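I have placed the structure first, in the form of structure tokens, so that the comments after it can refer back to it.
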Number of protein chains: 2
Amino acid sequence: MLSEFSLIDRFFARRAAASPPNAADGTLGIGDDCALLAPRPGEMLAISTDMLVEGRHFFAGIDPEALGHKTLAVNLSDLAAMGAKPQAFTLAFSLPKADEAWLAAFSEGLFAMAERYDCELIGGDTTSGPLNLCITVFGSVPPQLALRRDAAQPGDDVWISGTLGDARAGLGVQRGEWSADLADTATFRRALERPEPRIALGLALRGIAHAALDLSDGLAGDLLHILERSAMHATVDVDAVPRSAALRRLSPEIQRRCTLAGGDDYELCFTAPVAARASIEAAGRKVDVPVTRIGTISALQSAGDRPAIDWRDATGTPLTLTLQGFDHFHAD
Amino acid sequence: MLSEFSLIDRFFARRAAASPPNAADGTLGIGDDCALLAPRPGEMLAISTDMLVEGRHFFAGIDPEALGHKTLAVNLSDLAAMGAKPQAFTLAFSLPKADEAWLAAFSEGLFAMAERYDCELIGGDTTSGPLNLCITVFGSVPPQLALRRDAAQPGDDVWISGTLGDARAGLGVQRGEWSADLADTATFRRALERPEPRIALGLALRGIAHAALDLSDGLAGDLLHILERSAMHATVDVDAVPRSAALRRLSPEIQRRCTLAGGDDYELCFTAPVAARASIEAAGRKVDVPVTRIGTISALQSAGDRPAIDWRDATGTPLTLTLQGFDHFHAD
């Protein structure tokens, strides 16, 4: 069994030191009481923290390399949703035991993701305990260009990147709620285990999109956050919500459940004026991420009116859906 | 049982909003994908993260108000050790269930500490799972004044703030390793449950001390971090290590064990040139924290020489101590 310090050195500090913070600007990485970090000149640090718990966010026995990937990916997704450029992260985790093979694979997945997005490990904490992973990420963004949740405007289109629902479909297959063929099961599993943060899209949407967030808890719950912060309504065409070919092979009822209330998508949901449609299509093509319009923002009609989503099908017929976002204190 | 969002709103977001980040400078707090934060002009953010796990860092059934205090205090202690002024923090935690009374008391202890040090809650994450608390703190410091671990110089004095060992003595009483009278037990318990971060002292030591860190894992292990990062030796008089009157009533052997390898002290250990003695005494008086010289830094004698601590008693007699710092992957 490794001691805490040799463990950190072996799998984390050494790798962090392989691309050290810039000594010239006074930046300080792992090995002191604190890391020192500053945003780029004229910018601010965008900061987000996410905790992943075994049995809740991933199954015991998950491939540790995929877990390393996902743990950082879901945090980077929050930077993408803010239009921030990744800069650094801290990692705190508790582990039942210091299993070298597990740590080697986990750190491999983690650092592959970190290097792809030029995001430096600058600090951390390790302890023994039930498996729990907590990352705080730091990005840099000019504050006036940050993609906030409270910026949706009446008349805005509602957009989605990529496709929704595959991760939830994969969870359903794992749980035996439904089944799929081998190829579709692999598609769903990849979506569940290897989400890709939409960093490039978030950067491309700076100055174009109004409001944005990332879809971690399901479209129904997450879009509502934009509406509540912006004091707006939305009308959404559920048949326009983009789905993979694999998901389209499941029943229509399962498709709706997975796309609207699934969670774990890590796609961006954003609003933008009608005049920006061509710019957004171009941004999507530039970063090679499909973008799809699924609805419209409208103003609240009266003082007592509450932010809400009006669900319609492709014919415009109103639907009554009693979907709940993925809520971590409810049984899913 | 509360849902995640109402839980956050009720105990955390509302309290965070009570002293909102400054809208004028673009700062953004809880409620978006990321918080936005910048250090003071010309300064850098000092960043540290600590994870506290039930059964490892605190006992099940601990007073939740004290736990709220301690969770933030141990993180602020890292800022103190860097000479940084507290600015903000994020809180991620997993809880077995959303117990309202527990959360009310925990948040009370947490925010009392946050308000005392003007440290804003700017983000977080909550989930269900075994009790685990992860805080990342942000302070601001001019990089050239940061108290780093790698700055000890030959001839420096080694200093300690406050007294050491009471927290470990309290743990020993709780575990039945030794006993104390009611008043001393209360003293030890307060040290264990309510450490006070030495923020004011850290700020007062800017420009005076060379190297510094905070004692979380025991003097023997922690001082060694300064020596390793600075490539130095230290000679320490174990009888000079400051102890409370309560600890002095335990046996000499227990006193040494608690002061040198106890952990959970959250006092500062720092080095400074002999010429700074008067300034350091004055700094300690100014912030009302005792400061005590316990040893001396010296250069390594040869290329093969390893950083180490030479322990002496008050008569100057060398001692052979086989103390281990508090190591989170060893049985304590």
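In the structure tokens, the first chain shown is A, the next is B, and so on; residue numbers restart at 1 for each chain, and ligands run from 1 in the order shown.
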Give me, as a tab-separated table, the closest atom pair and its distance (Å, one decimal) for every residue of chain A within a cut-off of 7 Å of chain B, counting only C-alpha atoms, rows sorted by chain and rising number.
```
residue	atom	partner	partner_atom	distance
A:Ser3	CA	B:Phe329	CA	5.3
A:Glu4	CA	B:Phe329	CA	5.5
A:Gly26	CA	B:Pro143	CA	6.0
A:Asp32	CA	B:Arg149	CA	5.9
A:Asp33	CA	B:Asp78	CA	5.2
A:Cys34	CA	B:Ser48	CA	4.7
A:Ala35	CA	B:Ile47	CA	5.0
A:Leu36	CA	B:Ala46	CA	4.6
A:Leu37	CA	B:Leu45	CA	5.2
A:Ala38	CA	B:Met44	CA	5.1
A:Met44	CA	B:Ala38	CA	5.1
A:Leu45	CA	B:Leu37	CA	5.1
A:Ala46	CA	B:Leu36	CA	4.6
A:Ile47	CA	B:Cys34	CA	5.0
A:Ser48	CA	B:Cys34	CA	4.7
A:Thr49	CA	B:Gly124	CA	5.9
A:Asp50	CA	B:Asp125	CA	5.7
A:Met51	CA	B:Ala92	CA	6.3
A:Val53	CA	B:Gly129	CA	6.5
A:Asp78	CA	B:Asp33	CA	5.2
A:Leu79	CA	B:Cys34	CA	6.8
A:Ala81	CA	B:Asp33	CA	6.5
A:Met82	CA	B:Asp33	CA	6.5
A:Ala92	CA	B:Met51	CA	6.3
A:Gly123	CA	B:Ser48	CA	6.7
A:Gly124	CA	B:Thr49	CA	5.9
A:Asp125	CA	B:Asp50	CA	5.7
A:Thr127	CA	B:His328	CA	5.3
A:Ser128	CA	B:Phe329	CA	6.1
A:Gly129	CA	B:Val53	CA	6.5
A:Pro130	CA	B:Pro130	CA	6.9
A:Pro143	CA	B:Gly26	CA	6.0
A:Arg148	CA	B:Asp32	CA	6.5
A:Arg149	CA	B:Asp32	CA	5.9
A:Leu213	CA	B:Asp33	CA	6.3
A:Asp327	CA	B:Glu4	CA	6.2
A:His328	CA	B:Thr127	CA	5.4
A:Phe329	CA	B:Ser3	CA	5.3
A:His330	CA	B:Ser3	CA	6.7
```
May I have the selected residues written with C-alpha atoms, as an mmCIF file, in the first residue's frame?
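Result file follows (again08.cif):
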```cif
data_model
loop_
_atom_site.group_PDB
_atom_site.id
_atom_site.type_symbol
_atom_site.label_atom_id
_atom_site.label_comp_id
_atom_site.auth_asym_id
_atom_site.auth_seq_id
_atom_site.Cartn_x
_atom_site.Cartn_y
_atom_site.Cartn_z
ATOM 1 C CA SER A 3 1.575 6.269 1.492
ATOM 2 C CA GLU A 4 -0.331 9.418 0.684
ATOM 3 C CA GLY A 26 4.711 33.695 -10.452
ATOM 4 C CA ASP A 32 2.845 24.176 -1.474
ATOM 5 C CA ASP A 33 -0.053 25.050 0.830
ATOM 6 C CA CYS A 34 -1.790 26.779 -2.049
ATOM 7 C CA ALA A 35 -1.434 27.020 -5.801
ATOM 8 C CA LEU A 36 -1.118 30.524 -7.221
ATOM 9 C CA LEU A 37 -3.159 31.345 -10.292
ATOM 10 C CA ALA A 38 -4.327 34.440 -12.176
ATOM 11 C CA MET A 44 -11.769 36.629 -14.836
ATOM 12 C CA LEU A 45 -11.499 33.106 -13.542
ATOM 13 C CA ALA A 46 -14.571 30.968 -14.187
ATOM 14 C CA ILE A 47 -14.738 28.422 -11.344
ATOM 15 C CA SER A 48 -16.864 25.315 -10.969
ATOM 16 C CA THR A 49 -16.792 22.291 -8.685
ATOM 17 C CA ASP A 50 -18.349 18.849 -9.156
ATOM 18 C CA MET A 51 -18.279 15.806 -6.922
ATOM 19 C CA VAL A 53 -19.696 9.497 -5.885
ATOM 20 C CA ASP A 78 -19.253 23.782 -16.925
ATOM 21 C CA LEU A 79 -16.447 25.927 -18.340
ATOM 22 C CA ALA A 81 -21.218 26.416 -20.757
ATOM 23 C CA MET A 82 -19.676 29.688 -19.559
ATOM 24 C CA ALA A 92 -9.478 15.915 -4.177
ATOM 25 C CA GLY A 123 -3.420 21.128 -6.341
ATOM 26 C CA GLY A 124 -5.188 18.344 -4.577
ATOM 27 C CA ASP A 125 -5.927 16.238 -1.569
ATOM 28 C CA THR A 127 -7.498 10.538 1.796
ATOM 29 C CA SER A 128 -8.904 7.126 2.586
ATOM 30 C CA GLY A 129 -12.660 6.681 2.525
ATOM 31 C CA PRO A 130 -15.515 5.587 0.266
ATOM 32 C CA PRO A 143 -16.588 38.857 -18.021
ATOM 33 C CA ARG A 148 -24.627 33.343 -18.276
ATOM 34 C CA ARG A 149 -27.915 31.673 -17.404
ATOM 35 C CA LEU A 213 -25.761 26.063 -19.631
ATOM 36 C CA ASP A 327 -32.396 15.227 -8.833
ATOM 37 C CA HIS A 328 -29.609 13.911 -6.687
ATOM 38 C CA PHE A 329 -31.753 13.561 -3.594
ATOM 39 C CA HIS A 330 -34.569 11.690 -5.278
#
```
Inset, instruction - Run DSSP on the backbone and give me the residues of region 95-309 of chain B it puts in strand (DSSP E or B), as a PyMOL selection string. - result: chain B and resi 95+120-128+132-141+157-161+212-214+232-237+268-272+291-299+309
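Closest approach to Leu72 (chain B) among B:Gly165, B:Pro197, B:Gly172, B:Gly295 is made by B:Pro197 (distances from only C-alpha atoms).
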Inset, instruction - Name the residues of region 208-242 of chain B that fall into helix (DSSP H, G or I) according to DSSP on the backbone, using the chain letters and numbers of this document, as a ChimeraX atom specification. - result: /B:219-230,238-240
Filtering to N, CA, C and O atoms, could you give me those residues as an mmCIF file, in the first residue's frame?
```
data_model
loop_
_atom_site.group_PDB
_atom_site.id
_atom_site.type_symbol
_atom_site.label_atom_id
_atom_site.label_comp_id
_atom_site.auth_asym_id
_atom_site.auth_seq_id
_atom_site.Cartn_x
_atom_site.Cartn_y
_atom_site.Cartn_z
ATOM 1 N N LEU B 219 4.111 18.130 13.298
ATOM 2 C CA LEU B 219 5.338 18.893 13.066
ATOM 3 C C LEU B 219 6.407 18.083 12.337
ATOM 4 O O LEU B 219 7.058 18.586 11.415
ATOM 5 N N ALA B 220 6.597 16.825 12.742
ATOM 6 C CA ALA B 220 7.685 16.031 12.167
ATOM 7 C C ALA B 220 7.539 15.895 10.655
ATOM 8 O O ALA B 220 8.495 16.107 9.903
ATOM 9 N N GLY B 221 6.348 15.561 10.208
ATOM 10 C CA GLY B 221 6.130 15.387 8.774
ATOM 11 C C GLY B 221 6.032 16.710 8.038
ATOM 12 O O GLY B 221 6.560 16.854 6.936
ATOM 13 N N ASP B 222 5.388 17.689 8.646
ATOM 14 C CA ASP B 222 5.153 18.950 7.933
ATOM 15 C C ASP B 222 6.426 19.788 7.798
ATOM 16 O O ASP B 222 6.692 20.339 6.730
ATOM 17 N N LEU B 223 7.206 19.892 8.878
ATOM 18 C CA LEU B 223 8.457 20.657 8.771
ATOM 19 C C LEU B 223 9.352 20.044 7.697
ATOM 20 O O LEU B 223 10.049 20.750 6.964
ATOM 21 N N LEU B 224 9.296 18.721 7.585
ATOM 22 C CA LEU B 224 10.083 18.047 6.555
ATOM 23 C C LEU B 224 9.705 18.523 5.148
ATOM 24 O O LEU B 224 10.556 18.573 4.253
ATOM 25 N N HIS B 225 8.448 18.893 4.942
ATOM 26 C CA HIS B 225 8.052 19.421 3.624
ATOM 27 C C HIS B 225 8.803 20.710 3.301
ATOM 28 O O HIS B 225 9.240 20.918 2.170
ATOM 29 N N ILE B 226 8.925 21.589 4.302
ATOM 30 C CA ILE B 226 9.712 22.813 4.083
ATOM 31 C C ILE B 226 11.155 22.446 3.760
ATOM 32 O O ILE B 226 11.766 22.985 2.832
ATOM 33 N N LEU B 227 11.709 21.507 4.535
ATOM 34 C CA LEU B 227 13.118 21.142 4.343
ATOM 35 C C LEU B 227 13.340 20.522 2.962
ATOM 36 O O LEU B 227 14.332 20.814 2.287
ATOM 37 N N GLU B 228 12.423 19.677 2.536
ATOM 38 C CA GLU B 228 12.576 19.038 1.217
ATOM 39 C C GLU B 228 12.444 20.050 0.091
ATOM 40 O O GLU B 228 13.206 20.023 -0.871
ATOM 41 N N ARG B 229 11.472 20.940 0.213
ATOM 42 C CA ARG B 229 11.272 21.931 -0.853
ATOM 43 C C ARG B 229 12.395 22.969 -0.853
ATOM 44 O O ARG B 229 12.699 23.542 -1.902
ATOM 45 N N SER B 230 12.996 23.217 0.308
ATOM 46 C CA SER B 230 14.060 24.220 0.405
ATOM 47 C C SER B 230 15.444 23.598 0.343
ATOM 48 O O SER B 230 16.442 24.328 0.297
ATOM 49 N N VAL B 238 13.000 19.771 21.064
ATOM 50 C CA VAL B 238 11.647 19.264 21.334
ATOM 51 C C VAL B 238 11.065 19.850 22.616
ATOM 52 O O VAL B 238 9.846 19.960 22.755
ATOM 53 N N ASP B 239 11.926 20.244 23.538
ATOM 54 C CA ASP B 239 11.417 20.806 24.791
ATOM 55 C C ASP B 239 10.960 22.248 24.635
ATOM 56 O O ASP B 239 10.277 22.784 25.505
ATOM 57 N N ALA B 240 11.350 22.867 23.522
ATOM 58 C CA ALA B 240 10.916 24.251 23.263
ATOM 59 C C ALA B 240 9.571 24.308 22.554
ATOM 60 O O ALA B 240 8.970 25.382 22.455
#
```
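With only C-alpha atoms as the atoms that count, the minimum distance from Arg312 (chain B) to the choices B:Cys269, B:Thr296, B:Lys85, B:Ser161 is reached by B:Thr296.
Straight-line separation from CA of Ala209 (chain B) to CA of Ala283 (chain B): 10.6 Å.
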